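Student: Sharing coords-v3.txt (compact mmCIF, C-alpha atoms) below.
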```
# COMPACT_ATOMS: atom_id res chain seq x y z
CA MET A 1 -342.08 -21.62 -157.49
CA THR A 2 -342.23 -20.84 -161.24
CA ALA A 3 -339.96 -22.98 -163.42
CA SER A 4 -337.15 -21.28 -165.31
CA LEU A 5 -337.43 -20.74 -169.07
CA PRO A 6 -334.92 -23.55 -169.92
CA GLU A 7 -336.93 -25.96 -167.75
CA ARG A 8 -340.17 -24.93 -169.45
CA LEU A 9 -338.56 -25.41 -172.88
CA LYS A 10 -337.41 -28.89 -171.93
CA ASN A 11 -340.99 -29.66 -170.97
CA ILE A 12 -342.20 -28.46 -174.39
CA ALA A 13 -339.64 -30.70 -176.14
CA ASP A 14 -340.76 -33.71 -174.09
CA ILE A 15 -344.43 -33.02 -174.87
CA HIS A 16 -343.59 -32.59 -178.56
CA LYS A 17 -342.00 -36.04 -178.67
CA LYS A 18 -344.93 -37.67 -176.85
CA ILE A 19 -347.54 -35.99 -179.08
CA LYS A 20 -345.83 -37.23 -182.24
CA GLU A 21 -345.64 -40.75 -180.78
CA GLU A 22 -349.36 -40.70 -179.94
CA ILE A 23 -350.43 -39.36 -183.35
CA GLY A 24 -348.08 -41.87 -184.99
CA LYS A 25 -350.26 -44.67 -183.60
CA VAL A 26 -352.92 -43.64 -186.12
CA ILE A 27 -351.30 -41.38 -188.73
CA VAL A 28 -348.55 -42.92 -190.86
CA GLY A 29 -345.87 -40.44 -191.94
CA GLN A 30 -346.77 -36.74 -192.36
CA GLU A 31 -344.35 -35.84 -189.55
CA GLU A 32 -343.50 -32.50 -191.12
CA VAL A 33 -347.21 -31.59 -191.32
CA VAL A 34 -347.66 -32.49 -187.63
CA ASP A 35 -344.65 -30.31 -186.74
CA GLN A 36 -346.02 -27.34 -188.68
CA VAL A 37 -349.44 -27.64 -187.07
CA LEU A 38 -347.85 -27.78 -183.60
CA ILE A 39 -345.72 -24.73 -184.44
CA ALA A 40 -348.87 -22.81 -185.41
CA ILE A 41 -350.66 -23.83 -182.21
CA LEU A 42 -347.75 -22.68 -180.02
CA ALA A 43 -347.55 -19.42 -181.97
CA ARG A 44 -351.33 -18.81 -181.68
CA GLY A 45 -351.73 -19.04 -185.45
CA HIS A 46 -354.01 -20.80 -187.92
CA CYS A 47 -353.19 -23.14 -190.81
CA LEU A 48 -354.43 -23.42 -194.37
CA LEU A 49 -353.83 -27.00 -195.51
CA LEU A 50 -353.45 -27.73 -199.21
CA GLY A 51 -353.70 -31.35 -200.34
CA VAL A 52 -355.66 -33.80 -202.45
CA PRO A 53 -358.56 -35.74 -200.87
CA GLY A 54 -357.81 -38.86 -198.89
CA LEU A 55 -354.60 -37.77 -197.17
CA ALA A 56 -356.12 -38.05 -193.65
CA LYS A 57 -356.44 -34.32 -193.04
CA THR A 58 -359.59 -34.74 -190.94
CA LEU A 59 -358.16 -37.73 -189.10
CA LEU A 60 -354.98 -35.81 -188.32
CA VAL A 61 -356.89 -32.95 -186.74
CA ARG A 62 -359.13 -35.30 -184.79
CA CYS A 63 -356.10 -37.20 -183.44
CA LEU A 64 -354.45 -33.92 -182.52
CA GLY A 65 -357.56 -32.87 -180.61
CA ASP A 66 -357.55 -36.19 -178.73
CA ALA A 67 -353.85 -36.08 -177.85
CA LEU A 68 -354.12 -32.45 -176.70
CA ASP A 69 -357.40 -33.06 -174.82
CA LEU A 70 -359.13 -30.30 -176.79
CA GLU A 71 -362.64 -30.00 -178.17
CA PHE A 72 -362.81 -30.58 -181.93
CA ASN A 73 -365.47 -29.53 -184.47
CA ARG A 74 -365.59 -30.04 -188.22
CA VAL A 75 -367.56 -27.96 -190.73
CA GLN A 76 -367.99 -29.04 -194.35
CA PHE A 77 -368.08 -25.82 -196.35
CA THR A 78 -370.65 -25.80 -199.16
CA PRO A 79 -372.06 -23.09 -201.48
CA ASP A 80 -375.27 -22.80 -199.43
CA LEU A 81 -373.52 -22.44 -196.04
CA MET A 82 -374.57 -19.26 -194.20
CA PRO A 83 -372.50 -17.19 -191.72
CA SER A 84 -374.88 -18.18 -188.92
CA ASP A 85 -374.09 -21.85 -189.65
CA ILE A 86 -370.55 -21.04 -188.47
CA THR A 87 -370.93 -18.48 -185.73
CA GLY A 88 -374.38 -19.38 -184.39
CA THR A 89 -377.86 -17.86 -184.48
CA GLU A 90 -380.48 -16.29 -182.23
CA ILE A 91 -383.71 -18.18 -181.71
CA LEU A 92 -386.96 -16.95 -180.21
CA ASP A 93 -387.88 -18.56 -176.90
CA GLU A 94 -391.47 -18.33 -175.61
CA GLU A 95 -392.07 -18.80 -171.90
CA ALA A 96 -394.57 -21.57 -171.17
CA GLY A 97 -397.90 -20.25 -169.91
CA SER A 98 -396.88 -16.67 -170.65
CA SER A 99 -396.75 -14.28 -173.58
CA ARG A 100 -393.15 -13.35 -172.78
CA ARG A 101 -390.62 -13.93 -175.51
CA SER A 102 -386.87 -13.58 -175.56
CA LEU A 103 -383.99 -14.16 -177.94
CA ARG A 104 -381.46 -16.82 -177.06
CA PHE A 105 -378.14 -17.21 -178.84
CA VAL A 106 -377.29 -20.77 -179.89
CA LYS A 107 -373.54 -21.05 -180.40
CA GLY A 108 -372.23 -22.40 -183.69
CA PRO A 109 -369.36 -24.82 -184.33
CA VAL A 110 -366.78 -22.01 -184.19
CA PHE A 111 -367.07 -22.17 -180.38
CA THR A 112 -364.50 -24.92 -179.95
CA ASN A 113 -360.74 -25.34 -179.49
CA ILE A 114 -359.84 -26.91 -182.85
CA LEU A 115 -362.04 -26.21 -185.88
CA LEU A 116 -361.54 -28.03 -189.16
CA ALA A 117 -362.95 -25.86 -191.96
CA ASP A 118 -363.13 -28.43 -194.75
CA GLU A 119 -362.87 -27.01 -198.29
CA ILE A 120 -363.16 -23.39 -197.18
CA ASN A 121 -363.08 -22.22 -200.82
CA ARG A 122 -366.40 -24.00 -201.52
CA THR A 123 -368.43 -21.37 -199.68
CA PRO A 124 -369.21 -17.74 -200.69
CA PRO A 125 -367.03 -14.85 -199.44
CA LYS A 126 -369.66 -13.69 -196.93
CA THR A 127 -369.45 -17.00 -195.03
CA GLN A 128 -365.67 -17.14 -195.39
CA ALA A 129 -365.46 -13.66 -193.85
CA ALA A 130 -367.61 -14.70 -190.87
CA LEU A 131 -365.10 -17.42 -189.96
CA LEU A 132 -362.05 -15.28 -190.61
CA GLU A 133 -363.40 -12.47 -188.45
CA ALA A 134 -363.83 -14.92 -185.56
CA MET A 135 -360.26 -16.16 -186.18
CA GLN A 136 -358.88 -12.65 -185.95
CA GLU A 137 -360.96 -11.27 -183.08
CA ASN A 138 -361.53 -14.47 -181.04
CA PHE A 139 -365.14 -13.50 -180.39
CA VAL A 140 -368.51 -13.36 -182.13
CA THR A 141 -370.82 -10.34 -181.92
CA THR A 142 -374.56 -10.71 -182.51
CA GLY A 143 -377.54 -8.65 -181.42
CA GLY A 144 -375.26 -6.16 -179.67
CA ARG A 145 -373.76 -8.91 -177.47
CA THR A 146 -370.26 -10.33 -177.59
CA PHE A 147 -369.47 -14.01 -177.04
CA GLU A 148 -365.87 -15.02 -176.49
CA ILE A 149 -364.50 -18.10 -178.25
CA PRO A 150 -362.85 -20.56 -175.82
CA GLN A 151 -359.07 -20.55 -175.73
CA PRO A 152 -356.90 -21.98 -177.11
CA PHE A 153 -358.55 -21.59 -180.50
CA PHE A 154 -357.03 -22.96 -183.69
CA VAL A 155 -358.47 -23.21 -187.22
CA LEU A 156 -357.22 -25.71 -189.77
CA ALA A 157 -358.81 -24.89 -193.13
CA THR A 158 -358.40 -27.15 -196.15
CA GLN A 159 -358.48 -26.44 -199.87
CA ASN A 160 -358.66 -28.97 -202.68
CA PRO A 161 -356.06 -28.05 -205.32
CA ILE A 162 -357.45 -30.23 -208.13
CA GLU A 163 -361.10 -29.16 -208.29
CA GLN A 164 -361.57 -25.60 -209.48
CA GLU A 165 -365.22 -25.38 -210.54
CA GLY A 166 -367.67 -23.95 -208.06
CA THR A 167 -365.01 -22.45 -205.80
CA TYR A 168 -364.61 -19.02 -204.22
CA PRO A 169 -360.85 -18.43 -203.79
CA LEU A 170 -359.87 -16.63 -200.61
CA PRO A 171 -358.90 -12.97 -201.21
CA GLU A 172 -355.32 -12.00 -200.36
CA ALA A 173 -356.39 -10.06 -197.26
CA GLN A 174 -358.12 -13.17 -195.91
CA LEU A 175 -355.25 -15.49 -196.83
CA ASP A 176 -353.04 -13.22 -194.72
CA ARG A 177 -355.02 -14.25 -191.62
CA PHE A 178 -353.51 -17.73 -191.85
CA MET A 179 -350.07 -18.09 -190.31
CA PHE A 180 -349.10 -21.09 -192.44
CA LEU A 181 -349.91 -22.57 -195.81
CA VAL A 182 -349.11 -26.25 -195.26
CA ARG A 183 -348.75 -28.49 -198.30
CA MET A 184 -349.70 -32.11 -197.63
CA ASP A 185 -348.09 -34.53 -200.10
CA TYR A 186 -348.73 -38.16 -200.97
CA PRO A 187 -347.15 -40.67 -198.57
CA LYS A 188 -344.03 -42.63 -199.49
CA ARG A 189 -344.49 -46.14 -200.89
CA SER A 190 -343.46 -47.81 -197.61
CA GLU A 191 -345.83 -45.53 -195.69
CA GLU A 192 -348.68 -46.31 -198.06
CA ILE A 193 -348.16 -50.03 -197.50
CA GLN A 194 -348.32 -49.42 -193.75
CA ILE A 195 -351.53 -47.41 -194.22
CA LEU A 196 -353.12 -50.35 -196.02
CA ARG A 197 -351.92 -52.73 -193.33
CA GLN A 198 -353.45 -50.61 -190.54
CA THR A 199 -356.73 -49.59 -192.14
CA THR A 200 -357.91 -52.88 -193.64
CA VAL A 201 -358.13 -54.84 -190.35
CA ASN A 202 -360.16 -54.54 -187.16
CA ARG A 203 -358.15 -52.03 -185.14
CA ASP A 204 -359.28 -49.74 -182.35
CA VAL A 205 -356.66 -47.30 -181.11
CA LYS A 206 -357.35 -45.01 -178.17
CA LEU A 207 -354.96 -42.09 -177.85
CA ASN A 208 -353.72 -40.87 -174.49
CA ARG A 209 -354.64 -37.32 -173.58
CA LEU A 210 -351.30 -35.66 -172.89
CA ILE A 211 -352.03 -32.00 -172.21
CA ASN A 212 -355.09 -29.79 -171.70
CA GLY A 213 -356.07 -26.33 -172.86
CA ALA A 214 -354.77 -24.47 -169.79
CA ALA A 215 -351.34 -26.08 -170.22
CA ILE A 216 -351.28 -25.17 -173.92
CA LEU A 217 -351.97 -21.52 -173.06
CA GLU A 218 -348.98 -21.63 -170.71
CA LEU A 219 -346.80 -23.12 -173.46
CA GLN A 220 -347.92 -20.33 -175.81
CA ARG A 221 -346.82 -17.75 -173.24
CA CYS A 222 -343.52 -19.58 -172.85
CA VAL A 223 -342.85 -19.35 -176.60
CA ARG A 224 -343.32 -15.59 -176.54
CA ASP A 225 -340.87 -15.34 -173.63
CA ILE A 226 -338.03 -16.74 -175.78
CA PRO A 227 -335.58 -13.95 -176.66
CA VAL A 228 -334.61 -13.26 -180.27
CA SER A 229 -331.37 -11.51 -181.24
CA ASP A 230 -331.38 -8.38 -183.39
CA HIS A 231 -329.64 -10.08 -186.31
CA VAL A 232 -332.44 -12.70 -186.52
CA LEU A 233 -335.07 -9.95 -186.46
CA SER A 234 -333.16 -8.13 -189.21
CA TYR A 235 -333.01 -11.31 -191.28
CA CYS A 236 -336.81 -11.71 -191.01
CA ILE A 237 -337.33 -8.11 -192.10
CA ASP A 238 -334.91 -8.45 -195.01
CA LEU A 239 -336.66 -11.60 -196.27
CA VAL A 240 -340.08 -9.96 -196.12
CA ARG A 241 -339.01 -6.67 -197.70
CA MET A 242 -337.22 -8.45 -200.54
CA THR A 243 -340.56 -10.01 -201.60
CA ARG A 244 -341.94 -6.57 -202.52
CA PRO A 245 -341.47 -5.49 -206.15
CA SER A 246 -341.78 -1.85 -205.09
CA GLU A 247 -338.76 -2.15 -202.78
CA PRO A 248 -335.79 -0.46 -204.51
CA SER A 249 -333.33 -3.09 -203.29
CA ALA A 250 -335.54 -6.06 -204.26
CA PRO A 251 -333.80 -8.50 -206.63
CA ASP A 252 -334.64 -8.41 -210.33
CA PHE A 253 -336.34 -11.82 -210.27
CA VAL A 254 -338.82 -10.47 -207.69
CA LYS A 255 -339.56 -7.32 -209.68
CA ALA A 256 -340.04 -9.37 -212.84
CA ASN A 257 -342.25 -12.12 -211.42
CA LEU A 258 -344.32 -10.77 -208.49
CA THR A 259 -347.34 -8.49 -208.46
CA PHE A 260 -347.02 -7.78 -204.74
CA GLY A 261 -345.12 -9.10 -201.76
CA ALA A 262 -345.68 -9.95 -198.12
CA GLY A 263 -346.86 -7.44 -195.51
CA PRO A 264 -345.66 -6.81 -191.95
CA ARG A 265 -347.69 -9.74 -190.56
CA ALA A 266 -345.35 -12.09 -192.45
CA GLY A 267 -342.40 -10.81 -190.41
CA GLN A 268 -344.30 -11.33 -187.18
CA TYR A 269 -345.13 -14.90 -188.12
CA LEU A 270 -341.57 -15.65 -189.24
CA VAL A 271 -340.32 -14.64 -185.79
CA LEU A 272 -343.05 -16.55 -183.93
CA ALA A 273 -342.58 -19.66 -186.08
CA ALA A 274 -338.83 -19.62 -185.44
CA LYS A 275 -339.47 -19.23 -181.70
CA ALA A 276 -342.00 -22.06 -181.67
CA TRP A 277 -339.71 -24.45 -183.56
CA ALA A 278 -336.83 -23.68 -181.19
CA ALA A 279 -339.19 -24.38 -178.28
CA LEU A 280 -340.30 -27.72 -179.75
CA GLU A 281 -336.63 -28.68 -179.90
CA GLY A 282 -336.06 -27.44 -176.34
CA ARG A 283 -333.68 -24.65 -177.40
CA LEU A 284 -333.44 -21.17 -175.90
CA ASN A 285 -331.62 -19.71 -178.90
CA VAL A 286 -333.42 -18.77 -182.12
CA SER A 287 -331.33 -18.84 -185.29
CA CYS A 288 -331.72 -17.70 -188.89
CA ALA A 289 -331.92 -21.41 -189.78
CA ASP A 290 -335.16 -21.60 -187.79
CA VAL A 291 -336.49 -18.72 -189.89
CA ARG A 292 -335.48 -20.40 -193.16
CA ARG A 293 -337.12 -23.64 -192.06
CA ASN A 294 -340.52 -21.93 -191.87
CA ALA A 295 -340.13 -19.38 -194.68
CA HIS A 296 -342.09 -21.32 -197.31
CA SER A 297 -345.07 -21.95 -195.02
CA VAL A 298 -345.24 -18.29 -193.98
CA LEU A 299 -344.52 -16.56 -197.30
CA SER A 300 -345.92 -18.74 -200.09
CA HIS A 301 -349.54 -17.54 -199.73
CA ARG A 302 -348.50 -13.92 -199.14
CA ILE A 303 -346.80 -13.28 -202.47
CA ALA A 304 -348.56 -13.14 -205.85
CA CYS A 305 -346.90 -14.25 -209.07
CA ASN A 306 -347.74 -12.22 -212.19
CA PHE A 307 -348.51 -13.30 -215.77
CA HIS A 308 -344.84 -13.33 -216.68
CA ALA A 309 -344.13 -15.86 -213.93
CA ALA A 310 -347.09 -17.98 -215.01
CA GLY A 311 -345.85 -17.98 -218.59
CA GLU A 312 -342.40 -19.08 -217.48
CA GLY A 313 -343.76 -21.77 -215.16
CA ILE A 314 -342.44 -19.98 -212.06
CA ASP A 315 -344.38 -20.34 -208.81
CA ALA A 316 -344.12 -18.92 -205.29
CA THR A 317 -342.05 -21.88 -204.06
CA GLN A 318 -339.33 -21.18 -206.62
CA ILE A 319 -339.30 -17.47 -205.79
CA ILE A 320 -338.85 -18.20 -202.08
CA ASP A 321 -336.09 -20.72 -202.85
CA ARG A 322 -334.20 -18.02 -204.76
CA LEU A 323 -334.83 -15.46 -202.02
CA LEU A 324 -333.38 -17.74 -199.36
CA LYS A 325 -330.20 -18.01 -201.45
CA HIS A 326 -330.17 -14.30 -202.29
CA VAL A 327 -330.73 -12.72 -198.85
CA PRO A 328 -327.63 -13.03 -196.63
CA GLU A 329 -327.68 -13.35 -192.86
CA PRO A 330 -326.90 -10.02 -191.15
CA ASP A 331 -323.90 -9.84 -188.88
CA SER A 332 -324.31 -10.31 -185.13
CA THR A 333 -324.98 -6.59 -184.60
CA GLY A 334 -328.27 -6.95 -186.49
CA LEU A 335 -327.50 -3.90 -188.65
```
Kindly return the structure encoded in the file as structure tokens.
Tutor:
Amino acid sequence: MTASLPERLKNIADIHKKIKEEIGKVIVGQEEVVDQVLIAILARGHCLLLGVPGLAKTLLVRCLGDALDLEFNRVQFTPDLMPSDITGTEILDEEAGSSRRSLRFVKGPVFTNILLADEINRTPPKTQAALLEAMQENFVTTGGRTFEIPQPFFVLATQNPIEQEGTYPLPEAQLDRFMFLVRMDYPKRSEEIQILRQTTVNRDVKLNRLINGAAILELQRCVRDIPVSDHVLSYCIDLVRMTRPSEPSAPDFVKANLTFGAGPRAGQYLVLAAKAWAALEGRLNVSCADVRRNAHSVLSHRIACNFHAAGEGIDATQIIDRLLKHVPEPDSTGL
């Protein structure tokens, strides 16, 4: 007998708590980052992680792969990386004792469950596009054949915000493929002391594998089964539309400071992120507060500040802060 939706949500909340406890054995702090990554996984999205080196981005993803019992691959993006280094390549096989030859496809690191694309802006656009196409389509096509990427599939790409030389910034259309832009900050002083305490001694921690890929796919389906009221959907649409300078009803600070706003995919991700967060808390109801909680992660890389904003020291975070205060919640009719 299939469990009811409330029972399935309670199961998600229990798993959420256990995953954070397991990752906490190795990762000190960064609870908000862990939550955002889990939201993206449940919503079938991908994350772009922004943070200085040394904040345990790779370790976090590896721990997540262990706790979720998923296969993990890491690719260090460099200027000489080719698309085939990501997706795979065809090699020529020659049959022993015969003149017969055939092409065999050798799968690349993209054929995994969790892929860490380290410093994605270090590689040329052609290689970036190869990864982003696989993210969008969930398959790789080569030599007229299609190879499906195993599910679930999740990409965590990192960018280094302090080194600008020799980089190839992601175009806006490619940034839009990422559900979240997650900012990873320095740990608190107490957390940093704990990091030193844990990492400067002999310590071997083995994480328990809590859930497998098939179960995660079921949780993803559960998230999409959560109902959302019309007034929450309207609130998502209002937030997204108010980011567009061409929208007649957009506030003056948007028209003055933005070149362009977020597209329809932003609204989809706002709804899915709100659903996923409600699920992680074991709730059946999705509120506008759930939308606001995830607004910065969804919108900040989908709006572009203009020269006026740069001159005034205004960034996307400040614009979204003002939008959240400016856009009211619709009434319960959703109109």
Student: Go through A:Ala273, A:Asp252, A:Arg302, A:Phe154 one by one, measure the shortest atom-to-atom distance of each to A:Gln174 using only C-alpha atoms, and give the residue with the smallest value.
Tutor: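 With only C-alpha atoms as the atom set, the closest residue is A:Arg302.
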Student: Would you pick out the contacts of A:Ile120 at 10 Å or less, using all atoms listed in the file, so that residues sharing its chain but fewer than 4 positions from it are not included, and give the list as a PyMOL selection string?
Tutor: chain A and resi 48+75-79+116+124-125+127-128+131+156-160+167-170
Student: Taking all listed atoms of stretch 241-256 of chain A, build the axis-aligned box, pad each of the six sides by 6 Å, then write its centre and edge lengths in Å to one decimal as lines of an AutoDock Vina configuration file.
Tutor:
```
center_x = -337.6
center_y = -6.1
center_z = -205.3
size_x = 20.6
size_y = 23.4
size_z = 27.1
```
Student: Give me, please, the distance in Å between atom CA of A:Asp66 and atom CA of A:Leu81, quoted to one decimal.
Tutor: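 Going from atom CA of A:Asp66 over to atom CA of A:Leu81 covers 27.3 Å.
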Student: Near A:Gln318, within 12 Å and counting all atoms listed in the file, which residues show up once chain neighbours fewer than 5 positions away are dropped, as a PyMOL selection string?
Tutor: chain A and resi 253-254+257-258+296+299-300+303+305+309-310+312-313+323-325
Student: Restricted to C-alpha atoms, what would the selected residues look like written as a CSV table (one decimal), in the frame of the given file?
Tutor:
```csv
chain,number,residue,atom,x,y,z
A,253,PHE,CA,-336.3,-11.8,-210.3
A,254,VAL,CA,-338.8,-10.5,-207.7
A,257,ASN,CA,-342.2,-12.1,-211.4
A,258,LEU,CA,-344.3,-10.8,-208.5
A,296,HIS,CA,-342.1,-21.3,-197.3
A,299,LEU,CA,-344.5,-16.6,-197.3
A,300,SER,CA,-345.9,-18.7,-200.1
A,303,ILE,CA,-346.8,-13.3,-202.5
A,305,CYS,CA,-346.9,-14.2,-209.1
A,309,ALA,CA,-344.1,-15.9,-213.9
A,310,ALA,CA,-347.1,-18.0,-215.0
A,312,GLU,CA,-342.4,-19.1,-217.5
A,313,GLY,CA,-343.8,-21.8,-215.2
A,323,LEU,CA,-334.8,-15.5,-202.0
A,324,LEU,CA,-333.4,-17.7,-199.4
A,325,LYS,CA,-330.2,-18.0,-201.4
```
Student: Report, in Å with one decimal, the straight-line distance from atom CA of A:Glu281 to atom CA of A:Gln30.
Tutor: 18.0 Å
Student: Considering all atoms listed in the file, can you say which of A:Ile114, A:Met179, A:Ala56, A:Ile91 comes closest to A:Thr142?
Tutor: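 The answer is A:Ile91, which sits nearest to A:Thr142.
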Student: Per residue of stretch 131-213 of chain A within 10 Å of stretch 2-18 of chain A, note the shortest atom pair and the distance in Å to one decimal, counting all atoms listed in the file, and order the rows by chain and increasing residue number, as a tab-separated table.
Tutor:
```
residue	atom	partner	partner_atom	distance
A:Asn208	CA	A:Lys18	CA	9.6
A:Leu210	CA	A:Ile15	CA	7.6
A:Ile211	CA	A:Ile15	CA	8.1
```
Student: Of the candidates A:Asp290, A:Val140, A:Glu192, A:Ala256, which one gets nearest to A:Gly311 if we count all atoms listed in the file?
Tutor: A:Ala256
Student: When you look at A:Ser246 with a cut-off of 9 Å (counting only C-alpha atoms), what residues show up, excluding the ones that are within fewer than 6 positions of it in the same chain? I need them as a PDB file with C-alpha atoms, in the frame of the given file.
Tutor:
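Saved to part_13.pdb:
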```pdb
ATOM      1  CA  LYS A 255    -339.560  -7.320-209.680  1.00  0.00           C
ATOM      2  CA  PHE A 260    -347.020  -7.780-204.740  1.00  0.00           C
ATOM      3  CA  GLY A 261    -345.120  -9.100-201.760  1.00  0.00           C
TER       4      GLY A 261
END
```
Student: For A:Phe180, please output as a ChimeraX atom specification all residues within 7 Å (counting only C-alpha atoms; exclusion window: fewer than 2 positions along the same chain).
Tutor: /A:46-48,178,182,297-298
